[in-house]
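Asker: Just one file: target-v9.txt, with compact mmCIF, C-alpha atoms.
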# COMPACT_ATOMS: atom_id res chain seq x y z
CA GLU N 294 73.09 82.78 204.15
CA SER N 295 70.78 82.15 201.19
CA GLU N 296 71.02 85.80 199.96
CA PRO N 297 74.43 85.49 198.24
CA ILE N 298 73.21 82.35 196.42
CA LEU N 299 70.14 84.23 195.23
CA ASN N 300 72.25 87.10 193.94
CA LEU N 301 74.49 84.69 192.03
CA GLN N 302 71.47 83.04 190.42
CA THR N 303 70.10 86.44 189.44
CA ILE N 304 73.40 87.43 187.84
CA LEU N 305 73.56 84.18 185.88
CA ILE N 306 69.98 84.61 184.66
CA VAL N 307 70.67 88.18 183.53
CA LEU N 308 73.84 87.11 181.72
CA GLY N 309 71.95 84.30 180.02
CA ILE N 310 69.25 86.70 178.83
CA ILE N 311 71.90 89.10 177.49
CA LEU N 312 73.63 86.29 175.59
CA LEU N 313 70.33 85.10 174.11
CA LEU N 314 69.47 88.60 172.98
CA ALA N 315 72.92 89.11 171.47
CA GLY N 316 72.68 85.81 169.65
CA GLY N 317 69.25 86.66 168.32
CA VAL N 318 70.45 90.02 167.05
CA ALA N 319 73.45 88.38 165.38
CA ILE N 320 71.34 85.71 163.70
CA GLY N 321 68.79 88.28 162.56
CA GLY N 322 71.56 90.43 161.12
CA LEU N 323 72.95 87.49 159.17
CA TYR N 324 69.52 86.66 157.70
CA PHE N 325 68.97 90.29 156.78
CA TYR N 326 72.40 90.58 155.15
CA ALA N 327 71.89 87.35 153.24
CA GLY N 328 68.45 88.44 152.04
CA TYR N 329 69.77 91.88 151.04
CA ASN N 330 72.57 90.40 148.95
CA LYS N 331 70.20 87.86 147.43
CA ASN N 332 67.92 90.60 146.12
CA LYS N 333 70.77 92.94 145.18
CA THR N 334 71.69 93.06 141.48
CA PRO N 335 75.16 91.55 141.11
CA GLN N 336 77.81 93.99 139.91
CA ILE N 337 79.21 93.18 136.48
CA VAL N 338 82.95 93.55 136.33
CA LEU N 339 84.08 94.23 132.78
CA PRO N 340 87.62 93.51 131.62
CA LYS N 341 89.79 96.60 131.75
CA SER N 342 90.09 98.14 128.31
CA ILE N 343 93.38 99.36 126.88
CA ILE N 344 92.09 102.93 126.82
CA ILE N 345 88.99 104.70 128.14
CA PHE N 346 86.18 104.92 125.60
CA ASP N 347 82.83 106.72 125.58
CA LYS N 348 80.62 104.35 123.59
CA GLU N 349 80.76 100.89 122.10
CA LYS N 350 79.29 99.20 119.05
CA GLU N 351 79.24 95.45 118.45
CA ILE N 352 80.26 94.30 114.98
CA ASN N 353 79.99 90.71 113.76
CA THR N 354 83.05 89.73 111.72
CA ASN N 355 81.71 86.51 110.20
CA GLY N 356 82.50 86.49 106.48
CA TRP N 357 84.81 89.48 106.67
CA ASN N 358 87.02 90.24 103.69
CA ARG N 359 88.68 93.40 102.40
CA GLU N 360 85.58 94.58 100.53
CA LYS N 361 83.23 94.02 103.47
CA VAL N 362 85.62 95.68 105.94
CA THR N 363 85.90 98.69 103.61
CA GLN N 364 82.12 98.98 103.39
CA ILE N 365 81.60 98.76 107.16
CA ILE N 366 84.43 101.13 108.06
CA ASN N 367 83.38 103.72 105.48
CA GLY N 368 79.88 103.70 106.94
CA LEU N 369 81.19 104.21 110.47
CA LYS N 370 83.43 107.08 109.35
CA THR N 371 80.36 109.12 108.46
CA GLU N 372 78.34 108.17 111.56
CA PHE N 373 77.70 111.07 113.94
CA LEU N 374 79.76 111.07 117.12
CA ASP N 375 79.70 113.78 119.76
CA PRO N 376 82.87 115.91 119.80
CA ASN N 377 85.85 114.32 121.59
CA THR N 378 84.06 110.95 121.65
CA VAL N 379 86.02 107.71 121.35
CA GLU N 380 84.00 104.74 120.11
CA ASN N 381 85.19 101.17 120.59
CA LEU N 382 84.18 98.47 118.12
CA SER N 383 83.49 95.20 119.88
CA LEU N 384 84.39 92.69 117.17
CA VAL N 385 82.79 89.28 117.65
CA THR N 386 82.70 85.97 115.81
CA SER N 387 79.56 83.83 115.93
CA VAL N 388 79.66 80.05 116.28
CA GLY N 389 76.10 78.81 116.55
CA THR N 390 74.45 80.97 119.20
CA THR N 391 77.70 81.86 120.93
CA ASN N 392 79.63 85.09 120.30
CA SER N 393 83.30 85.40 121.15
CA LYS N 394 85.82 88.16 120.63
CA THR N 395 87.41 87.98 117.19
CA ASN N 396 91.10 87.16 117.29
CA ILE N 397 93.32 89.97 115.97
CA ARG N 398 95.23 87.45 113.85
CA ASP N 399 91.98 86.44 112.15
CA ILE N 400 91.34 90.10 111.29
CA PHE N 401 94.76 90.38 109.64
CA SER N 402 94.06 87.15 107.78
CA ASN N 403 90.72 88.52 106.52
CA LEU N 404 92.55 91.61 105.26
CA ASN N 405 95.15 89.47 103.45
CA THR N 406 97.96 91.49 104.98
CA GLN N 407 101.54 90.71 103.99
CA THR N 408 102.78 90.62 107.57
CA ASP N 409 105.62 88.49 108.82
CA PRO N 410 104.42 85.47 110.85
CA ALA N 411 106.76 86.52 113.68
CA LEU N 412 104.89 89.84 113.93
CA LEU N 413 101.53 88.09 114.12
CA ARG N 414 102.85 85.77 116.83
CA SER N 415 103.88 88.79 118.87
CA PHE N 416 100.25 90.04 118.97
CA ASP N 417 98.42 89.29 122.21
CA LYS N 418 94.66 88.71 122.41
CA ASP N 419 93.92 92.24 123.69
CA TYR N 420 93.34 94.90 121.04
CA MET N 421 91.01 97.78 120.21
CA LEU N 422 89.66 98.95 116.89
CA GLY N 423 87.70 102.15 117.14
CA PHE N 424 87.04 105.71 116.05
CA SER N 425 87.85 109.17 117.28
CA ALA N 426 85.10 111.70 116.54
CA GLY N 427 85.73 113.96 113.57
CA THR N 428 84.61 114.86 110.07
CA PRO N 429 85.04 112.16 109.05
CA ASN N 430 85.61 110.00 112.13
CA LYS N 431 89.21 108.81 112.38
CA PRO N 432 89.93 105.09 112.87
CA PHE N 433 92.59 103.77 115.21
CA LEU N 434 93.98 100.35 116.02
CA ILE N 435 95.68 99.41 119.30
CA ILE N 436 97.30 96.01 119.75
CA GLN N 437 98.87 94.58 122.88
CA THR N 438 102.14 92.84 122.04
CA SER N 439 104.70 90.54 123.57
CA LEU N 440 108.31 90.08 122.48
CA TYR N 441 108.91 93.75 121.74
CA GLU N 442 111.98 93.08 119.59
CA ASN N 443 109.99 90.83 117.23
CA ALA N 444 107.09 93.27 117.12
CA PHE N 445 109.29 96.27 116.34
CA ALA N 446 111.33 94.44 113.68
CA GLY N 447 108.12 93.05 112.19
CA MET N 448 106.57 96.52 111.90
CA LEU N 449 109.66 97.87 110.14
CA ALA N 450 109.57 95.00 107.66
CA TRP N 451 105.84 95.49 107.10
CA GLU N 452 106.25 99.15 106.12
CA LYS N 453 106.61 98.18 102.45
CA THR N 454 102.95 97.16 102.20
CA MET N 455 101.40 98.46 105.43
CA VAL N 456 99.49 101.36 103.89
CA LYS N 457 97.99 99.15 101.20
CA ASP N 458 97.30 96.26 103.58
CA LEU N 459 95.42 98.47 106.03
CA SER N 460 93.59 100.56 103.40
CA PRO N 461 90.20 98.93 104.18
CA ILE N 462 90.46 100.52 107.64
CA PHE N 463 92.48 103.68 107.09
CA GLY N 464 91.53 104.41 103.50
CA GLU N 465 93.00 104.16 100.03
CA THR N 466 95.95 106.42 99.27
CA LYS N 467 97.32 107.26 95.85
CA THR N 468 101.06 107.73 95.89
CA THR N 469 103.56 108.88 93.31
CA PRO N 470 107.30 108.41 93.42
CA VAL N 471 109.39 111.42 94.31
CA ALA N 472 111.59 111.12 91.23
CA PRO N 473 110.03 108.78 88.64
CA ALA N 474 112.45 107.07 86.33
CA VAL N 475 112.20 107.93 82.64
CA THR N 476 113.18 105.76 79.65
CA PHE N 477 113.03 106.72 76.01
CA ASP N 478 112.16 104.57 73.05
CA ASN N 479 113.14 105.47 69.49
CA LEU N 480 114.61 108.78 70.60
CA THR N 481 117.82 110.07 68.98
CA ALA N 482 119.63 113.34 69.07
CA THR N 483 122.03 115.01 66.71
CA THR N 484 124.33 117.86 67.44
CA SER N 485 125.00 120.57 64.89
CA SER N 486 128.70 121.13 64.45
CA SER N 487 128.20 124.86 64.03
CA THR N 488 125.78 125.64 66.84
CA LYS N 489 126.44 122.67 69.16
CA LYS N 490 122.70 122.59 69.87
CA THR N 491 120.85 119.31 70.30
CA THR N 492 117.89 118.67 68.05
CA SER N 493 115.54 115.75 67.82
CA SER N 494 115.68 113.48 64.83
CA SER N 495 112.73 112.86 62.59
CA ALA N 496 112.22 109.51 64.26
CA SER N 497 109.12 109.20 66.41
CA GLN N 498 109.67 110.15 70.03
CA THR N 499 108.00 108.27 72.89
CA ALA N 500 108.76 108.91 76.59
CA ILE N 501 107.83 105.97 78.79
CA LEU N 502 107.38 106.76 82.48
CA SER N 503 107.87 104.07 85.09
CA PRO N 504 104.69 102.84 86.84
CA VAL N 505 103.43 104.70 89.89
CA SER N 506 105.20 103.38 92.98
CA GLN N 507 103.08 101.18 95.22
CA SER N 508 105.33 101.55 98.28
CA VAL N 509 105.34 104.40 100.77
CA ILE N 510 108.38 105.56 102.68
CA PHE N 511 108.08 105.85 106.45
CA THR N 512 110.23 108.32 108.38
CA ASP N 513 110.90 109.04 112.05
CA LEU N 514 108.87 111.73 113.78
CA VAL N 515 108.56 112.65 117.46
CA VAL N 516 104.94 113.34 118.44
CA SER N 517 104.08 114.28 122.04
CA ASN N 518 107.50 112.99 123.14
CA LYS N 519 106.85 109.61 121.53
CA ASP N 520 108.95 108.12 118.72
CA THR N 521 106.70 107.40 115.78
CA ARG N 522 107.04 106.18 112.21
CA VAL N 523 105.08 108.27 109.74
CA ALA N 524 104.10 107.82 106.09
CA LYS N 525 103.16 110.91 104.07
CA ASP N 526 101.61 111.39 100.66
CA GLN N 527 103.10 113.46 97.82
CA ASN N 528 101.54 116.59 99.34
CA GLY N 529 103.27 116.04 102.67
CA GLN N 530 100.08 114.98 104.46
CA THR N 531 100.32 112.14 106.97
CA ILE N 532 98.45 109.06 105.79
CA LEU N 533 99.53 106.54 108.44
CA LEU N 534 101.40 106.66 111.73
CA TYR N 535 102.41 103.97 114.19
CA SER N 536 104.20 103.94 117.51
CA PHE N 537 104.85 101.80 120.56
CA LEU N 538 103.36 103.63 123.57
CA ASP N 539 105.31 101.17 125.70
CA GLN N 540 106.96 97.84 124.97
CA ASN N 541 103.58 96.09 125.00
CA THR N 542 101.28 98.58 123.28
CA LEU N 543 101.27 99.28 119.54
CA VAL N 544 99.01 102.00 118.16
CA ILE N 545 98.24 102.80 114.51
CA THR N 546 96.41 106.00 113.51
CA PRO N 547 95.85 107.99 110.31
CA ASP N 548 97.41 111.24 111.61
CA GLU N 549 99.15 113.03 114.45
CA ASN N 550 96.01 114.54 116.03
CA THR N 551 94.34 111.15 116.38
CA PHE N 552 97.54 109.75 117.82
CA LYS N 553 97.67 112.52 120.44
CA GLN N 554 94.08 111.85 121.51
CA ILE N 555 94.67 108.10 121.82
CA LEU N 556 97.89 108.74 123.75
CA ASP N 557 96.03 111.02 126.20
CA LYS N 558 93.36 108.32 126.68
CA PHE N 559 96.06 105.70 127.20
CA ILE N 560 97.78 107.78 129.89
CA ALA N 561 94.45 108.53 131.61
CA SER N 562 93.58 104.82 131.63
CA LYS N 563 96.64 104.12 133.72
CA PHE N 564 95.03 106.01 136.61
CA VAL N 565 91.70 104.19 136.38
CA LYS N 566 91.47 101.22 138.74
If you took the structure in this file and wrote it as structure tokens, what would it be?

Answerer:
Amino acid sequence: ESEPILNLQTILIVLGIILLLAGGVAIGGLYFYAGYNKNKTPQIVLPKSIIIFDKEKEINTNGWNREKVTQIINGLKTEFLDPNTVENLSLVTSVGTTNSKTNIRDIFSNLNTQTDPALLRSFDKDYMLGFSAGTPNKPFLIIQTSLYENAFAGMLAWEKTMVKDLSPIFGETKTTPVAPAVTFDNLTATTSSSTKKTTSSSASQTAILSPVSQSVIFTDLVVSNKDTRVAKDQNGQTILLYSFLDQNTLVITPDENTFKQILDKFIASKFVK
């Protein structure tokens, strides 16, 4: 009669040993996992950039003005970049020992741009200023926007001075009017009654040409199935181009090829998680 009791005790002892072993394994696993994570280098998660880039250079913008921006950008244009490389400029402002990303509105203020306040208000904090490899390297500017209607209307209004305002980044451009106005001072003409030919009088003749136009006309152009606004010089060469890649992304480049490369990077970035 005592045999069944003995078997029950044996079963309970075995179960107890199994539970103790399982608990020990579980506790050991937890300590190991905790120690492993403690010694493991934490992964740094960087904010997602607007487009994929290959290298990055930090630039301090303290004391920036048009002359200093021109000097820095001109130096970077001649810096060697591997073919097809896109370099992002990480623009920072120093306050004491702390660096923070420079606000895009502050950059426009440093450049003394004649932009409408409504356009500046439509700019979000995310932007990219960088270079596409070339000879020389080609600058580009990407700005995230809100209120698309205000941004689009603001860009159209800014066209009158955009090329000049952004010349520290995209370069100086000399423009001439298509049909300069001409005025004449002290110029008279007489017509011979016999020959009906016009001859100049003996008075001194001075032709005064109107000053070279400071404005550049932008026109519509479709590039890679995107509506763009393009400014060209007197030789028909593109000097500035801008477009909205979507309702929240404005891009400004110096030519069509740079625009195509940035567009390709923008599309590729959509597939990067």

Asker: Could you please determine the separation between atom CA of N:Pro432 and atom CA of N:Ser415 in Å, to one decimal place?

Answerer: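 Taking atom CA of N:Pro432 and atom CA of N:Ser415, their separation equals 22.3 Å.
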
Asker: Let me make sure I understand: among N:Leu440, N:Val379, N:Ile343, N:Leu404, which one has the smallest atom-to-atom distance to N:Val362 if we use all atoms listed in the file?

Answerer: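 Ranked by minimum distance to N:Val362, first place goes to N:Leu404.
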
Asker: For a quick check of understanding, using all atoms listed in the file, which of N:Thr303, N:Gln554, N:Asn541, N:Asn355 has the smallest distance to N:Gln437?

Answerer: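 Checking each candidate against N:Gln437, we get N:Asn541 as the closest.
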
Asker: Please determine, counting all atoms listed in the file, which residue among N:Thr390, N:Thr408, N:Thr395, N:Thr551 has the shortest atom-to-atom distance to N:Thr378.

Answerer: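 Nearest to N:Thr378: N:Thr551.
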
Asker: Hey, can you check how far atom CA of N:Ser393 sits from atom CA of N:Glu351?

Answerer: 11.2 Å
